[in-house]
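Written out below as structure tokens is the structure these notes cover.
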Amino acid sequence: MSTERTSTTPLAAQFVISLFWIYVAYSGWNAATYVAEELKRPEKTLPVALALGAGLVATLYLGLNLVFLYATPLAR
């Protein structure tokens, strides 16, 4: 049994749309404001922490999607 891709939307566009909903659903940006008051130098530390956290989440998301794509190959 194989899966066939029938959508005419480019795969990259579908991926970007999926990422948008991940960012909307992620509440870590809201929670970061509560952590900021506990930091000694939030103007420097907070942007670095947010960038690293977002990068880590994006990397994990990309990796998981690659696993899905290779585990369920599309028919040719």
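Each chain in the structure tokens gets a letter, A, B, ..., in the order shown, and its residues are numbered from 1; ligands are numbered from 1 in order too.
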Surrounding residues of segment 45-49 of chain A excluding itself and chain neighbours under 5 positions, 10 Å, only C-alpha atoms, as a PyMOL selection string: chain A and resi 32-33+35-36+39-40+54-55
Would you save the residues of that selection, restricted to N, CA, C and O atoms, as an mmCIF file, in the first residue's frame?
data_model
loop_
_atom_site.group_PDB
_atom_site.id
_atom_site.type_symbol
_atom_site.label_atom_id
_atom_site.label_comp_id
_atom_site.auth_asym_id
_atom_site.auth_seq_id
_atom_site.Cartn_x
_atom_site.Cartn_y
_atom_site.Cartn_z
ATOM 1 N N ALA A 32 7.135 33.931 28.404
ATOM 2 C CA ALA A 32 8.449 34.574 28.520
ATOM 3 C C ALA A 32 8.358 35.917 29.226
ATOM 4 O O ALA A 32 9.317 36.337 29.883
ATOM 5 N N THR A 33 7.246 36.591 29.121
ATOM 6 C CA THR A 33 7.107 37.885 29.799
ATOM 7 C C THR A 33 7.123 37.722 31.320
ATOM 8 O O THR A 33 7.593 38.602 32.030
ATOM 9 N N VAL A 35 8.831 35.368 32.902
ATOM 10 C CA VAL A 35 10.192 34.999 33.265
ATOM 11 C C VAL A 35 11.102 36.228 33.226
ATOM 12 O O VAL A 35 12.079 36.314 33.973
ATOM 13 N N ALA A 36 10.802 37.186 32.377
ATOM 14 C CA ALA A 36 11.668 38.351 32.178
ATOM 15 C C ALA A 36 11.932 39.114 33.474
ATOM 16 O O ALA A 36 13.034 39.628 33.681
ATOM 17 N N LEU A 39 14.969 37.738 35.515
ATOM 18 C CA LEU A 39 16.316 37.769 34.956
ATOM 19 C C LEU A 39 17.083 39.002 35.419
ATOM 20 O O LEU A 39 16.499 40.058 35.635
ATOM 21 N N LYS A 40 18.406 38.855 35.533
ATOM 22 C CA LYS A 40 19.238 39.985 35.952
ATOM 23 C C LYS A 40 19.396 41.002 34.822
ATOM 24 O O LYS A 40 19.398 42.189 35.068
ATOM 25 N N ALA A 54 13.175 29.084 20.032
ATOM 26 C CA ALA A 54 12.443 28.983 18.766
ATOM 27 C C ALA A 54 13.233 28.168 17.747
ATOM 28 O O ALA A 54 12.662 27.362 16.994
ATOM 29 N N GLY A 55 14.553 28.346 17.727
ATOM 30 C CA GLY A 55 15.389 27.561 16.821
ATOM 31 C C GLY A 55 15.353 26.074 17.146
ATOM 32 O O GLY A 55 15.278 25.232 16.246
#
All helix (DSSP H, G or I) positions in chain A, as a PyMOL selection string: chain A and resi 11-25+28-36+42-71
All residues 12 Å or closer to segment 1-14 of chain A, only C-alpha atoms, same chain fewer than 6 positions away omitted, as number ranges by chain: A: 20-21, 62, 65, 69-76
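Note that the spacing between atom CA of Asn30 of chain A and atom CA of Ser18 of chain A amounts to 20.4 Å.
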Option closest in space to Thr59 of chain A, from A:Leu19, A:Pro42, A:Ala31, A:Glu37 [counting only C-alpha atoms]: A:Leu19
Point-to-point distance from atom CA of Leu60 of chain A to atom CA of Tyr23 of chain A, Å rounded to tenths: 13.6 Å
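Distance-wise, atom CA of Ile22 of chain A and atom CA of Val57 of chain A end up 9.8 Å apart.
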